[in-house]
Every structure is written in structure tokens, then in C-alpha cells.
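A.B. asks: Sharing data09.cif below, mmCIF, C-alpha atoms (C1' of nucleotides):
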data_entry
loop_
_atom_site.group_PDB
_atom_site.id
_atom_site.type_symbol
_atom_site.label_atom_id
_atom_site.label_comp_id
_atom_site.auth_asym_id
_atom_site.auth_seq_id
_atom_site.Cartn_x
_atom_site.Cartn_y
_atom_site.Cartn_z
ATOM 1 C CA MET A 1 142.577 117.749 100.918
ATOM 2 C CA PHE A 2 139.011 118.920 100.762
ATOM 3 C CA ILE A 3 136.481 116.629 102.347
ATOM 4 C CA GLU A 4 132.920 117.493 101.423
ATOM 5 C CA LEU A 5 130.187 115.634 103.245
ATOM 6 C CA ASP A 6 126.436 115.843 102.904
ATOM 7 C CA PHE A 7 124.903 115.290 106.314
ATOM 8 C CA GLN A 8 121.433 115.309 104.774
ATOM 9 C CA SER A 9 122.326 112.393 102.534
ATOM 10 C CA GLU A 10 121.050 108.930 103.337
ATOM 11 C CA THR A 11 124.418 107.391 102.558
ATOM 12 C CA PRO A 12 126.411 106.886 105.775
ATOM 13 C CA ILE A 13 129.075 109.442 106.657
ATOM 14 C CA TYR A 14 131.842 106.852 106.834
ATOM 15 C CA GLU A 15 130.885 105.708 103.318
ATOM 16 C CA GLN A 16 131.044 109.256 102.037
ATOM 17 C CA LEU A 17 134.415 109.710 103.696
ATOM 18 C CA LYS A 18 135.709 106.507 102.113
ATOM 19 C CA THR A 19 134.484 107.695 98.733
ATOM 20 C CA GLU A 20 136.172 111.074 99.112
ATOM 21 C CA ILE A 21 139.483 109.429 99.904
ATOM 22 C CA ILE A 22 139.252 106.860 97.104
ATOM 23 C CA VAL A 23 138.361 109.576 94.601
ATOM 24 C CA GLY A 24 141.228 111.649 96.000
ATOM 25 C CA ILE A 25 143.644 108.799 95.378
ATOM 26 C CA ALA A 26 142.259 108.019 91.943
ATOM 27 C CA SER A 27 142.454 111.650 90.886
ATOM 28 C CA GLY A 28 145.956 112.062 92.240
ATOM 29 C CA GLN A 29 145.034 114.696 94.785
ATOM 30 C CA LEU A 30 146.295 112.207 97.340
ATOM 31 C CA THR A 31 149.755 110.960 96.411
ATOM 32 C CA PRO A 32 151.344 107.599 97.355
ATOM 33 C CA GLY A 33 152.929 107.795 100.767
ATOM 34 C CA GLU A 34 151.113 110.977 101.684
ATOM 35 C CA ARG A 35 150.002 111.199 105.273
ATOM 36 C CA LEU A 36 146.394 111.692 106.261
ATOM 37 C CA PRO A 37 145.217 113.518 109.385
ATOM 38 C CA SER A 38 144.884 111.395 112.508
ATOM 39 C CA VAL A 39 141.472 110.014 113.335
ATOM 40 C CA ARG A 40 141.013 112.675 115.998
ATOM 41 C CA GLN A 41 142.261 115.500 113.796
ATOM 42 C CA MET A 42 140.121 114.496 110.829
ATOM 43 C CA ALA A 43 137.140 114.047 113.121
ATOM 44 C CA SER A 44 137.440 117.517 114.613
ATOM 45 C CA ASP A 45 138.129 119.030 111.176
ATOM 46 C CA ILE A 46 134.907 117.642 109.758
ATOM 47 C CA GLY A 47 132.963 117.866 112.978
ATOM 48 C CA ILE A 48 132.204 114.187 113.478
ATOM 49 C CA ASN A 49 133.123 111.474 115.923
ATOM 50 C CA LEU A 50 136.520 109.816 115.846
ATOM 51 C CA HIS A 51 134.972 106.368 115.603
ATOM 52 C CA THR A 52 133.300 107.275 112.345
ATOM 53 C CA VAL A 53 136.658 108.295 110.904
ATOM 54 C CA ASN A 54 138.280 105.209 112.351
ATOM 55 C CA LYS A 55 135.683 103.002 110.660
ATOM 56 C CA ALA A 56 136.461 104.560 107.288
ATOM 57 C CA TYR A 57 140.232 104.332 107.797
ATOM 58 C CA THR A 58 140.093 100.737 108.978
ATOM 59 C CA GLN A 59 137.999 99.589 106.032
ATOM 60 C CA LEU A 60 140.234 101.436 103.580
ATOM 61 C CA LYS A 61 143.199 99.731 105.207
ATOM 62 C CA GLU A 62 141.558 96.326 104.739
ATOM 63 C CA GLU A 63 140.888 97.173 101.107
ATOM 64 C CA GLY A 64 144.538 98.048 100.538
ATOM 65 C CA TYR A 65 144.139 101.778 100.091
ATOM 66 C CA LEU A 66 145.824 102.855 103.305
ATOM 67 C CA LEU A 67 148.653 101.757 105.527
ATOM 68 C CA ILE A 68 148.520 102.345 109.243
ATOM 69 C CA HIS A 69 151.834 102.502 111.059
ATOM 70 C CA ARG A 70 151.960 102.930 114.790
ATOM 71 C CA GLN A 71 154.698 105.476 114.210
ATOM 72 C CA ARG A 72 153.902 107.274 110.997
ATOM 73 C CA GLY A 73 150.135 107.326 111.363
ATOM 74 C CA VAL A 74 147.830 106.840 108.393
ATOM 75 C CA VAL A 75 149.460 106.838 104.980
ATOM 76 C CA VAL A 76 148.310 106.325 101.382
ATOM 77 C CA ASN A 77 149.506 102.865 100.337
ATOM 78 C CA PRO A 78 151.993 103.223 97.454
ATOM 79 C CA GLU A 79 151.108 99.692 96.357
ATOM 80 C CA GLY A 80 147.423 100.502 96.167
ATOM 81 C CA PRO A 81 144.597 97.928 96.323
ATOM 82 C CA GLU A 82 144.818 94.618 94.505
ATOM 83 C CA ALA A 83 144.041 94.641 90.796
ATOM 84 C CA MET A 84 140.492 94.018 89.651
ATOM 85 C CA THR A 85 139.594 90.356 90.086
ATOM 86 C CA LYS A 86 136.830 88.393 88.416
ATOM 87 C CA GLU A 87 134.944 88.171 91.683
ATOM 88 C CA ARG A 88 135.063 91.913 92.116
ATOM 89 C CA GLN A 89 134.037 92.377 88.524
ATOM 90 C CA ALA A 90 131.013 90.152 89.061
ATOM 91 C CA GLN A 91 130.173 92.185 92.136
ATOM 92 C CA LEU A 92 130.485 95.408 90.177
ATOM 93 C CA ARG A 93 128.157 93.936 87.575
ATOM 94 C CA GLN A 94 125.516 93.391 90.237
ATOM 95 C CA ILE A 95 125.706 97.049 91.194
ATOM 96 C CA LEU A 96 125.715 98.400 87.649
ATOM 97 C CA ARG A 97 122.974 96.163 86.255
ATOM 98 C CA PRO A 98 120.014 97.960 87.882
ATOM 99 C CA LEU A 99 121.552 101.370 87.170
ATOM 100 C CA ILE A 100 121.956 100.568 83.502
ATOM 101 C CA ALA A 101 118.506 98.973 83.372
ATOM 102 C CA ASP A 102 117.025 102.166 84.768
ATOM 103 C CA SER A 103 118.924 104.287 82.262
ATOM 104 C CA LEU A 104 117.714 102.000 79.489
ATOM 105 C CA CYS A 105 114.103 102.430 80.579
ATOM 106 C CA ARG A 106 114.647 106.178 80.462
ATOM 107 C CA GLN A 107 115.630 105.934 76.817
ATOM 108 C CA MET A 108 119.314 106.520 77.303
ATOM 109 C CA THR A 109 121.222 105.081 74.378
ATOM 110 C CA GLU A 110 124.304 102.953 74.651
ATOM 111 C CA LYS A 111 126.357 105.718 73.104
ATOM 112 C CA GLU A 112 125.084 108.308 75.574
ATOM 113 C CA LEU A 113 125.924 105.945 78.382
ATOM 114 C CA THR A 114 129.492 105.216 77.302
ATOM 115 C CA THR A 115 130.269 108.883 76.660
ATOM 116 C CA PHE A 116 128.805 109.634 80.058
ATOM 117 C CA ILE A 117 131.064 107.055 81.684
ATOM 118 C CA GLN A 118 133.966 108.420 79.710
ATOM 119 C CA SER A 119 133.337 111.946 80.960
ATOM 120 C CA ILE A 120 133.519 110.760 84.560
ATOM 121 C CA TYR A 121 136.667 108.815 83.787
ATOM 122 C CA ASP A 122 138.284 111.831 82.173
ATOM 123 C CA GLU A 123 137.236 114.093 85.014
ATOM 124 C CA LEU A 124 139.120 111.861 87.424
ATOM 125 C CA LYS A 125 142.280 111.583 85.350
ATOM 126 C CA GLU A 126 142.195 115.301 84.623
ATOM 127 C CA ASP A 127 143.416 116.243 88.073
ATOM 128 C CA ARG A 128 146.232 113.740 87.800
ATOM 129 C CA SER A 129 148.368 116.093 85.745
ATOM 130 C CA LYS A 130 148.033 118.902 88.243
ATOM 131 C CA MET B 1 108.593 86.121 86.113
ATOM 132 C CA PHE B 2 111.408 84.803 88.207
ATOM 133 C CA ILE B 3 112.183 86.754 91.304
ATOM 134 C CA GLU B 4 115.494 85.844 92.843
ATOM 135 C CA LEU B 5 116.291 87.329 96.214
ATOM 136 C CA ASP B 6 119.341 86.955 98.378
ATOM 137 C CA PHE B 7 118.248 87.039 101.982
ATOM 138 C CA GLN B 8 121.874 86.971 103.081
ATOM 139 C CA SER B 9 122.570 90.183 101.206
ATOM 140 C CA GLU B 10 122.886 93.456 103.050
ATOM 141 C CA THR B 11 120.798 95.264 100.463
ATOM 142 C CA PRO B 12 117.168 95.520 101.613
ATOM 143 C CA ILE B 13 114.657 93.015 100.235
ATOM 144 C CA TYR B 14 112.363 95.709 98.847
ATOM 145 C CA GLU B 15 115.344 97.198 97.009
ATOM 146 C CA GLN B 16 116.216 93.844 95.507
ATOM 147 C CA LEU B 17 112.602 93.366 94.488
ATOM 148 C CA LYS B 18 112.543 96.795 92.839
ATOM 149 C CA THR B 19 115.729 95.950 90.988
ATOM 150 C CA GLU B 20 114.335 92.638 89.757
ATOM 151 C CA ILE B 21 111.250 94.343 88.375
ATOM 152 C CA ILE B 22 113.163 97.199 86.740
ATOM 153 C CA VAL B 23 115.577 94.766 85.134
ATOM 154 C CA GLY B 24 112.585 92.694 84.053
ATOM 155 C CA ILE B 25 111.045 95.710 82.353
ATOM 156 C CA ALA B 26 114.323 96.817 80.788
ATOM 157 C CA SER B 27 115.014 93.345 79.421
ATOM 158 C CA GLY B 28 111.493 92.965 78.100
ATOM 159 C CA GLN B 29 110.647 90.004 80.296
ATOM 160 C CA LEU B 30 107.904 92.224 81.664
ATOM 161 C CA THR B 31 105.866 93.727 78.854
ATOM 162 C CA PRO B 32 103.926 97.039 78.924
ATOM 163 C CA GLY B 33 100.488 96.526 80.420
ATOM 164 C CA GLU B 34 101.398 93.181 81.900
ATOM 165 C CA ARG B 35 99.889 92.462 85.278
ATOM 166 C CA LEU B 36 101.990 91.692 88.328
ATOM 167 C CA PRO B 37 100.926 89.461 91.204
ATOM 168 C CA SER B 38 99.040 91.180 94.021
ATOM 169 C CA VAL B 39 100.991 92.301 97.045
ATOM 170 C CA ARG B 40 99.688 89.337 99.005
ATOM 171 C CA GLN B 41 100.306 86.851 96.213
ATOM 172 C CA MET B 42 103.821 88.097 95.540
ATOM 173 C CA ALA B 43 104.543 88.139 99.256
ATOM 174 C CA SER B 44 103.479 84.537 99.748
ATOM 175 C CA ASP B 45 105.282 83.466 96.573
ATOM 176 C CA ILE B 46 108.584 84.849 97.787
ATOM 177 C CA GLY B 47 107.941 84.170 101.442
ATOM 178 C CA ILE B 48 108.031 87.708 102.756
ATOM 179 C CA ASN B 49 105.619 90.179 104.299
ATOM 180 C CA LEU B 50 103.041 92.016 102.206
ATOM 181 C CA HIS B 51 104.249 95.383 103.454
ATOM 182 C CA THR B 52 107.675 94.750 102.019
ATOM 183 C CA VAL B 53 106.148 94.063 98.605
ATOM 184 C CA ASN B 54 103.851 97.062 98.982
ATOM 185 C CA LYS B 55 106.832 99.285 99.680
ATOM 186 C CA ALA B 56 108.511 98.177 96.468
ATOM 187 C CA TYR B 57 105.325 98.534 94.411
ATOM 188 C CA THR B 58 104.512 101.964 95.804
ATOM 189 C CA GLN B 59 107.973 103.329 95.117
ATOM 190 C CA LEU B 60 107.972 101.881 91.584
ATOM 191 C CA LYS B 61 104.602 103.546 91.058
ATOM 192 C CA GLU B 62 106.002 106.897 92.192
ATOM 193 C CA GLU B 63 108.925 106.431 89.824
ATOM 194 C CA GLY B 64 106.579 105.811 86.908
ATOM 195 C CA TYR B 65 107.322 102.134 86.383
ATOM 196 C CA LEU B 66 103.992 100.782 87.535
ATOM 197 C CA LEU B 67 100.333 101.763 87.445
ATOM 198 C CA ILE B 68 98.019 100.740 90.217
ATOM 199 C CA HIS B 69 94.380 100.525 89.252
ATOM 200 C CA ARG B 70 91.813 99.686 91.863
ATOM 201 C CA GLN B 71 90.293 97.362 89.310
ATOM 202 C CA ARG B 72 93.109 95.863 87.314
ATOM 203 C CA GLY B 73 95.615 95.641 90.117
ATOM 204 C CA VAL B 74 99.298 96.330 89.541
ATOM 205 C CA VAL B 75 100.320 96.802 85.934
ATOM 206 C CA VAL B 76 103.516 97.689 84.065
ATOM 207 C CA ASN B 77 103.155 101.291 82.903
ATOM 208 C CA PRO B 78 103.191 101.375 79.070
ATOM 209 C CA GLU B 79 104.430 104.959 79.255
ATOM 210 C CA GLY B 80 107.364 104.014 81.422
ATOM 211 C CA PRO B 81 109.268 106.407 83.715
ATOM 212 C CA GLU B 82 110.143 109.924 82.602
ATOM 213 C CA ALA B 83 113.127 110.282 80.326
ATOM 214 C CA MET B 84 116.551 110.870 81.854
ATOM 215 C CA THR B 85 116.788 114.410 83.209
ATOM 216 C CA LYS B 86 119.880 116.424 84.008
ATOM 217 C CA GLU B 87 119.150 116.181 87.701
ATOM 218 C CA ARG B 88 118.955 112.418 87.503
ATOM 219 C CA GLN B 89 122.080 112.337 85.425
ATOM 220 C CA ALA B 90 123.924 114.343 88.059
ATOM 221 C CA GLN B 91 122.639 111.929 90.664
ATOM 222 C CA LEU B 92 123.837 108.974 88.605
ATOM 223 C CA ARG B 93 127.226 110.635 88.353
ATOM 224 C CA GLN B 94 127.466 110.762 92.126
ATOM 225 C CA ILE B 95 126.852 107.027 92.276
ATOM 226 C CA LEU B 96 129.224 106.104 89.467
ATOM 227 C CA ARG B 97 132.096 108.356 90.475
ATOM 228 C CA PRO B 98 133.359 106.265 93.398
ATOM 229 C CA LEU B 99 132.819 103.032 91.462
ATOM 230 C CA ILE B 100 134.884 104.267 88.553
ATOM 231 C CA ALA B 101 137.480 105.732 90.901
ATOM 232 C CA ASP B 102 137.850 102.333 92.530
ATOM 233 C CA SER B 103 138.145 100.618 89.171
ATOM 234 C CA LEU B 104 140.762 103.159 88.146
ATOM 235 C CA CYS B 105 142.805 102.449 91.282
ATOM 236 C CA ARG B 106 142.639 98.759 90.403
ATOM 237 C CA GLN B 107 144.258 99.493 87.044
ATOM 238 C CA MET B 108 141.180 98.995 84.941
ATOM 239 C CA THR B 109 141.590 100.881 81.679
ATOM 240 C CA GLU B 110 138.952 103.072 80.130
ATOM 241 C CA LYS B 111 138.519 100.595 77.298
ATOM 242 C CA GLU B 112 138.012 97.683 79.673
ATOM 243 C CA LEU B 113 135.439 99.724 81.529
ATOM 244 C CA THR B 114 133.403 100.716 78.480
ATOM 245 C CA THR B 115 133.398 97.211 77.057
ATOM 246 C CA PHE B 116 132.317 95.981 80.452
ATOM 247 C CA ILE B 117 129.436 98.450 80.526
ATOM 248 C CA GLN B 118 128.582 97.467 76.979
ATOM 249 C CA SER B 119 128.395 93.788 77.907
ATOM 250 C CA ILE B 120 125.868 94.547 80.627
ATOM 251 C CA TYR B 121 123.908 96.718 78.230
ATOM 252 C CA ASP B 122 123.852 93.973 75.606
ATOM 253 C CA GLU B 123 122.906 91.357 78.153
ATOM 254 C CA LEU B 124 119.807 93.359 78.994
ATOM 255 C CA LYS B 125 118.755 94.019 75.418
ATOM 256 C CA GLU B 126 119.461 90.424 74.490
ATOM 257 C CA ASP B 127 116.313 89.145 76.161
ATOM 258 C CA ARG B 128 114.257 91.765 74.403
ATOM 259 C CA SER B 129 114.148 89.774 71.164
ATOM 260 C CA LYS B 130 112.948 86.642 72.901
ATOM 261 C "C1'" DA C 1 77.148 88.181 99.713
ATOM 262 C "C1'" DT C 2 81.715 86.736 99.207
ATOM 263 C "C1'" DC C 3 86.186 87.305 97.897
ATOM 264 C "C1'" DA C 4 90.277 89.698 96.438
ATOM 265 C "C1'" DT C 5 92.175 94.087 95.486
ATOM 266 C "C1'" DG C 6 95.164 98.155 97.274
ATOM 267 C "C1'" DT C 7 95.607 101.039 101.445
ATOM 268 C "C1'" DT C 8 96.334 102.467 106.093
ATOM 269 C "C1'" DA C 9 97.409 102.104 111.009
ATOM 270 C "C1'" DT C 10 99.762 100.301 114.883
ATOM 271 C "C1'" DA C 11 103.170 97.751 117.322
ATOM 272 C "C1'" DC C 12 107.155 95.144 117.733
ATOM 273 C "C1'" DT C 13 111.890 93.167 116.903
ATOM 274 C "C1'" DA C 14 116.378 93.542 114.878
ATOM 275 C "C1'" DC C 15 120.134 95.897 113.226
ATOM 276 C "C1'" DA C 16 123.265 99.602 111.613
ATOM 277 C "C1'" DA C 17 124.897 104.333 112.017
ATOM 278 C "C1'" DA C 18 126.641 107.699 114.870
ATOM 279 C "C1'" DT C 19 127.920 109.660 119.070
ATOM 280 C "C1'" DA C 20 129.882 109.910 123.809
ATOM 281 C "C1'" DT C 21 133.277 108.558 127.295
ATOM 282 C "C1'" DA C 22 136.854 106.172 128.802
ATOM 283 C "C1'" DA C 23 140.826 103.683 128.900
ATOM 284 C "C1'" DC C 24 145.137 101.191 127.014
ATOM 285 C "C1'" DA C 25 149.670 100.671 124.567
ATOM 286 C "C1'" DG C 26 153.109 102.481 121.973
ATOM 287 C "C1'" DT C 27 155.797 106.572 119.841
ATOM 288 C "C1'" DT C 28 157.654 111.132 119.813
ATOM 289 C "C1'" DA C 29 159.412 115.284 121.558
ATOM 290 C "C1'" DA C 30 160.341 118.532 125.308
ATOM 291 C "C1'" DT D 1 161.064 111.065 132.795
ATOM 292 C "C1'" DT D 2 157.147 113.544 131.555
ATOM 293 C "C1'" DA D 3 153.784 115.037 128.414
ATOM 294 C "C1'" DA D 4 151.404 114.816 124.233
ATOM 295 C "C1'" DC D 5 150.058 112.361 120.437
ATOM 296 C "C1'" DT D 6 149.362 108.078 117.724
ATOM 297 C "C1'" DG D 7 145.958 103.931 116.708
ATOM 298 C "C1'" DT D 8 143.020 100.649 119.250
ATOM 299 C "C1'" DT D 9 139.517 98.708 122.126
ATOM 300 C "C1'" DA D 10 135.443 98.562 125.091
ATOM 301 C "C1'" DT D 11 130.955 99.988 126.573
ATOM 302 C "C1'" DA D 12 126.687 102.431 126.374
ATOM 303 C "C1'" DT D 13 123.203 105.283 124.283
ATOM 304 C "C1'" DT D 14 120.405 107.393 120.727
ATOM 305 C "C1'" DT D 15 118.349 107.358 116.316
ATOM 306 C "C1'" DG D 16 116.506 105.654 112.122
ATOM 307 C "C1'" DT D 17 115.365 101.992 108.865
ATOM 308 C "C1'" DA D 18 114.024 97.259 107.573
ATOM 309 C "C1'" DG D 19 111.054 93.722 108.222
ATOM 310 C "C1'" DT D 20 107.364 91.313 110.305
ATOM 311 C "C1'" DA D 21 102.773 90.701 112.480
ATOM 312 C "C1'" DT D 22 97.847 91.836 112.950
ATOM 313 C "C1'" DA D 23 94.102 94.245 111.963
ATOM 314 C "C1'" DA D 24 90.973 96.902 109.677
ATOM 315 C "C1'" DC D 25 88.901 99.761 105.735
ATOM 316 C "C1'" DA D 26 86.962 100.874 100.996
ATOM 317 C "C1'" DT D 27 86.374 99.322 96.509
ATOM 318 C "C1'" DG D 28 85.581 96.326 92.655
ATOM 319 C "C1'" DA D 29 84.637 91.564 90.631
ATOM 320 C "C1'" DT D 30 82.299 87.147 90.599
#
Rewrite the structure from the file as C-alpha cells, please.
C.D. replies:
Amino acid sequence: MFIELDFQSETPIYEQLKTEIIVGIASGQLTPGERLPSVRQMASDIGINLHTVNKAYTQLKEEGYLLIHRQRGVVVNPEGPEAMTKERQAQLRQILRPLIADSLCRQMTEKELTTFIQSIYDELKEDRSK
Amino acid sequence: MFIELDFQSETPIYEQLKTEIIVGIASGQLTPGERLPSVRQMASDIGINLHTVNKAYTQLKEEGYLLIHRQRGVVVNPEGPEAMTKERQAQLRQILRPLIADSLCRQMTEKELTTFIQSIYDELKEDRSK
DNA sequence: ATCATGTTATACTACAAATATAACAGTTAA
DNA sequence: TTAACTGTTATATTTGTAGTATAACATGAT
């Protein structure tokens, strides 16, 4: 598993780490039941503090992405997170609204936008067959 | 112009204010050349500090959304921001990737996603005819 | 002149991110 | 049993950003 972080970025490291793992799961690079490095191992691999890793792991556990057994360590949850709810959809709408508004102001058409979304979607599912 | 802010939200006030204005422009509720309240007026209207408003205005000016004349005050730029570039598109991809990955993990299909995007798009353009 | 405009400077509080140590409890393997 | 490794918790510190509070300046309008 390749974790690529941008330490110059303004987005927090633990957020970036969460994103990397979620994308890894979505793309199939991380398989259900697969074990992740321990908080200390991952921390030393990336060169960050163990608490930062722990924060990412803990939140991903709360969101249903990971399972944390005392014995087996950190594992990708075969069940996965709960299906998209209406509340979460409304929340997603709040995030997407300004992004789409900005794209609209920059003369991006609806077609360009949907094909753009589609390309990201395909890029994620592409790795699933590998 | 109705500015609705959520002071309980974790997203900064100036970010929310920027979003409100961009959405306002995209939806046509704010027309090209239209004047916005002064930093002090807007601040007292919403009940926040003038520097917070100034931060939002200044950044929107740098992004090409607003013009700031010494005489006429703050005005919606008729030219609008620059058209979508490849750099900005790559940046947008970085933002959307984790969101789509999450939606994918929650068993949202590509069709559901595009229709969802479309509904937000339509919602914005809807107000344009009013 | 007076007032309102954007602009700048300074200082302060509050909070989150990230790191640094340290310790605890339980599991695993030598 | 001992040693090493898990996740977990606690505490403290540093750093940067958000937001507020005053204050002042230069410019343009009435």
C-alpha cells in the first residue's frame, strides 16, 4: 500500500491519511479483511507521530471502514461503512454545492461536469479488476 | 441577498460567506455589477467582525469574483472569474476523489451519483430564470 | 467639513493540528 | 515467565489559523 502525503498541503495529515485509505478500499487496493500496519509501524513508515495515525485509524473505525481487534490489530472491515443515508446525502450536497457553483461560474457545462465525475469514478473502479 | 451562516459549523465563517456569495452569483441572485454591502455594513448585518468580511471579500476579489473600486465599493465582477483551467480541474479532482470514493464504498452507483450532481446543478440554474 | 469607503497594523483569545514522552493493559512468541 | 508487540490513554508543548477588538490612514462623496 502506497501512502502519499503532501506535507506542504493545508489539509491535515490525518485527513490525507484517511483519504488514502478510503480511496485504497474503494479502488480495491485494500481488500476486505486485509491487515494494516500498526499505528507505530505506519507512523515510522511515513515519518509522522503515532498519534496522528491513531487519530486517522480511530475515526475510520467509527465510520465503519476499519475493525480494531486487540489481537489481530487493524483490519479492513469486510462489512464496510453503512450505506448512504439521506442525512449523509444532504451533507454531501452541502459540500458539492459551492464546488459546482464555482465550476458553473467558470463556464463548465453540465455535460463536462458529469463526464468529469465519471472519469474519476472509472479511475477508481479501474484498479478493482487488478 | 440572504446570508445564512452556521456558527456551530466547523467550517470558518469567512469560508461560509465566500460560499454564499459564489452560490449567489452562480444562481443569478447576485447580478453582474451589483453592489454588495460594505465590509462594515455586512459585518454588522451578520453580527461578525469587519475583518472576517474583509477576508472573504479580498479573497473573492483575488479569485475574480468581485471588483473593489475606491468609489463604487464592492461590486460583482461582470467578467467573472477565469474559465476553468487544467490546473484547477486537477485540483478539483483531488477534492472530489475522496468524496466519490466514500460514496462508492457506501454502494452508491454511478447513475445515482450523476443524477445527484445534476440535481444540484439544476437547483442552481433554477433561480437564474427568476 | 463630515461621513463612509477600503486598507492596514497590532494585539489578543481560542482552538485544532501535530509532536513528544510516558505509561497501561492485553496478546503473542521465544 | 520473559520479552516484544498490540491498541489505548494521559499530559504537555509548539505551531498556525480563525476570529475579535481597537485604532488609524487615505480617498471619495455629500
A.B. asks: Got a sec: who's within 12 Å of DA25 of chain C, counting all atoms listed in the file, leaving out chain neighbours fewer than 3 positions off, as a PyMOL selection string?
C.D. replies: (chain A and resi 70) or (chain D and resi 6-9)
A.B. asks: Taking all atoms of segment 2-9 of chain C that appear in the file, build a box with edges along x, y and z, extend it by 6 Å on every side, and state its centre and edge lengths in Å to one decimal, as JSON.
C.D. replies:
{"center_x": 89.6, "center_y": 94.6, "center_z": 103.2, "size_x": 27.7, "size_y": 27.7, "size_z": 27.5}
A.B. asks: Would you kindly report the residues of chain A within 8 Å of chain D, using all atoms listed in the file, as a ChimeraX atom specification?
C.D. replies: /A:38,70-71,73
A.B. asks: What is the atom CA of Leu30 of chain B-atom CA of Gln94 of chain A distance in Å, reported with one decimal?
C.D. replies: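 So the two atoms, atom CA of Leu30 of chain B and atom CA of Gln94 of chain A, lie 19.6 Å apart.
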A.B. asks: Can you work out which residues from chain A touch chain B at a cut-off of 6 Å (counting all atoms listed in the file) and hand them back as a PyMOL selection string?
C.D. replies: chain A and resi 19+23+26+83-84+98+101+105-106
A.B. asks: What would the selection look like, as a list in words, if the PyMOL selection byres ((chain C and resi 12-24) around 7) were run on the coordinates I just shared?
C.D. replies: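 Expected selection for the PyMOL selection byres ((chain C and resi 12-24) around 7) here is Pro12 and Asn49 of chain A; DA11 and DA25 of chain C.
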A.B. asks: Using only C-alpha atoms (C1' of nucleotides), please write the residues we just selected to a file, as an mmCIF file, in the coordinates of the input.
C.D. replies:
data_model
loop_
_atom_site.group_PDB
_atom_site.id
_atom_site.type_symbol
_atom_site.label_atom_id
_atom_site.label_comp_id
_atom_site.auth_asym_id
_atom_site.auth_seq_id
_atom_site.Cartn_x
_atom_site.Cartn_y
_atom_site.Cartn_z
ATOM 1 C CA PRO A 12 126.411 106.886 105.775
ATOM 2 C CA ASN A 49 133.123 111.474 115.923
ATOM 3 C "C1'" DA C 11 103.170 97.751 117.322
ATOM 4 C "C1'" DA C 25 149.670 100.671 124.567
#
A.B. asks: For this structure, which residues satisfy the selection - the PyMOL selection byres ((chain C) within 10 of (chain B)) - when it is evaluated on the file as given? I want them as a PDB file with C-alpha atoms (C1' of nucleotides), keeping the file's coordinate frame.
C.D. replies:
ATOM      1  C1'  DA C   4      90.277  89.698  96.438  1.00  0.00           C
ATOM      2  C1'  DT C   5      92.175  94.087  95.486  1.00  0.00           C
ATOM      3  C1'  DG C   6      95.164  98.155  97.274  1.00  0.00           C
ATOM      4  C1'  DT C   7      95.607 101.039 101.445  1.00  0.00           C
TER       5       DT C   7
END
A.B. asks: What residues come out when you apply the PyMOL selection byres ((chain A and resi 33) around 8) to this file, written as a short mmCIF file (atom, residue, chain, number, x, y, z; two decimals) with C-alpha atoms, in the coordinates of the input?
C.D. replies:
data_model
loop_
_atom_site.label_atom_id
_atom_site.label_comp_id
_atom_site.auth_asym_id
_atom_site.auth_seq_id
_atom_site.Cartn_x
_atom_site.Cartn_y
_atom_site.Cartn_z
CA THR A 31 149.76 110.96 96.41
CA PRO A 32 151.34 107.60 97.36
CA GLU A 34 151.11 110.98 101.68
CA ARG A 35 150.00 111.20 105.27
CA VAL A 75 149.46 106.84 104.98
CA VAL A 76 148.31 106.32 101.38
CA ASN A 77 149.51 102.86 100.34
CA PRO A 78 151.99 103.22 97.45
#
A.B. asks: Atom CA of Glu126 of chain B to atom CA of Ala90 of chain A: how many Å, to one decimal?
C.D. replies: 18.6 Å
A.B. asks: What does the structure give for the distance between atom CA of Leu60 of chain B and atom CA of Glu10 of chain A, in Å to one decimal?
C.D. replies: 18.9 Å
A.B. asks: Take segment 106-117 of chain B, bring it up to N, CA and C atoms, and give me the output as a PDB file, in the coordinates of the input.
C.D. replies:
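Okay, this is what ended up in selection37.pdb:
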ATOM      1  N   ARG B 106     142.324 100.182  90.623  1.00  0.00           N
ATOM      2  CA  ARG B 106     142.639  98.759  90.403  1.00  0.00           C
ATOM      3  C   ARG B 106     143.106  98.519  88.975  1.00  0.00           C
ATOM      4  N   GLN B 107     143.607  99.573  88.351  1.00  0.00           N
ATOM      5  CA  GLN B 107     144.258  99.493  87.044  1.00  0.00           C
ATOM      6  C   GLN B 107     143.361  99.005  85.924  1.00  0.00           C
ATOM      7  N   MET B 108     142.072  99.331  86.038  1.00  0.00           N
ATOM      8  CA  MET B 108     141.180  98.995  84.941  1.00  0.00           C
ATOM      9  C   MET B 108     141.267 100.144  83.938  1.00  0.00           C
ATOM     10  N   THR B 109     141.465  99.829  82.680  1.00  0.00           N
ATOM     11  CA  THR B 109     141.590 100.881  81.679  1.00  0.00           C
ATOM     12  C   THR B 109     140.212 101.367  81.256  1.00  0.00           C
ATOM     13  N   GLU B 110     140.217 102.498  80.573  1.00  0.00           N
ATOM     14  CA  GLU B 110     138.952 103.072  80.130  1.00  0.00           C
ATOM     15  C   GLU B 110     138.272 102.147  79.128  1.00  0.00           C
ATOM     16  N   LYS B 111     139.064 101.509  78.312  1.00  0.00           N
ATOM     17  CA  LYS B 111     138.519 100.595  77.298  1.00  0.00           C
ATOM     18  C   LYS B 111     137.863  99.387  77.963  1.00  0.00           C
ATOM     19  N   GLU B 112     138.564  98.830  78.947  1.00  0.00           N
ATOM     20  CA  GLU B 112     138.012  97.683  79.673  1.00  0.00           C
ATOM     21  C   GLU B 112     136.687  98.049  80.329  1.00  0.00           C
ATOM     22  N   LEU B 113     136.644  99.273  80.834  1.00  0.00           N
ATOM     23  CA  LEU B 113     135.439  99.724  81.529  1.00  0.00           C
ATOM     24  C   LEU B 113     134.267  99.865  80.563  1.00  0.00           C
ATOM     25  N   THR B 114     134.500 100.498  79.438  1.00  0.00           N
ATOM     26  CA  THR B 114     133.403 100.716  78.480  1.00  0.00           C
ATOM     27  C   THR B 114     132.917  99.409  77.877  1.00  0.00           C
ATOM     28  N   THR B 115     133.829  98.505  77.594  1.00  0.00           N
ATOM     29  CA  THR B 115     133.398  97.211  77.057  1.00  0.00           C
ATOM     30  C   THR B 115     132.634  96.427  78.115  1.00  0.00           C
ATOM     31  N   PHE B 116     133.018  96.638  79.353  1.00  0.00           N
ATOM     32  CA  PHE B 116     132.317  95.981  80.452  1.00  0.00           C
ATOM     33  C   PHE B 116     130.886  96.505  80.552  1.00  0.00           C
ATOM     34  N   ILE B 117     130.755  97.822  80.512  1.00  0.00           N
ATOM     35  CA  ILE B 117     129.436  98.450  80.526  1.00  0.00           C
ATOM     36  C   ILE B 117     128.607  97.949  79.343  1.00  0.00           C
TER      37      ILE B 117
END
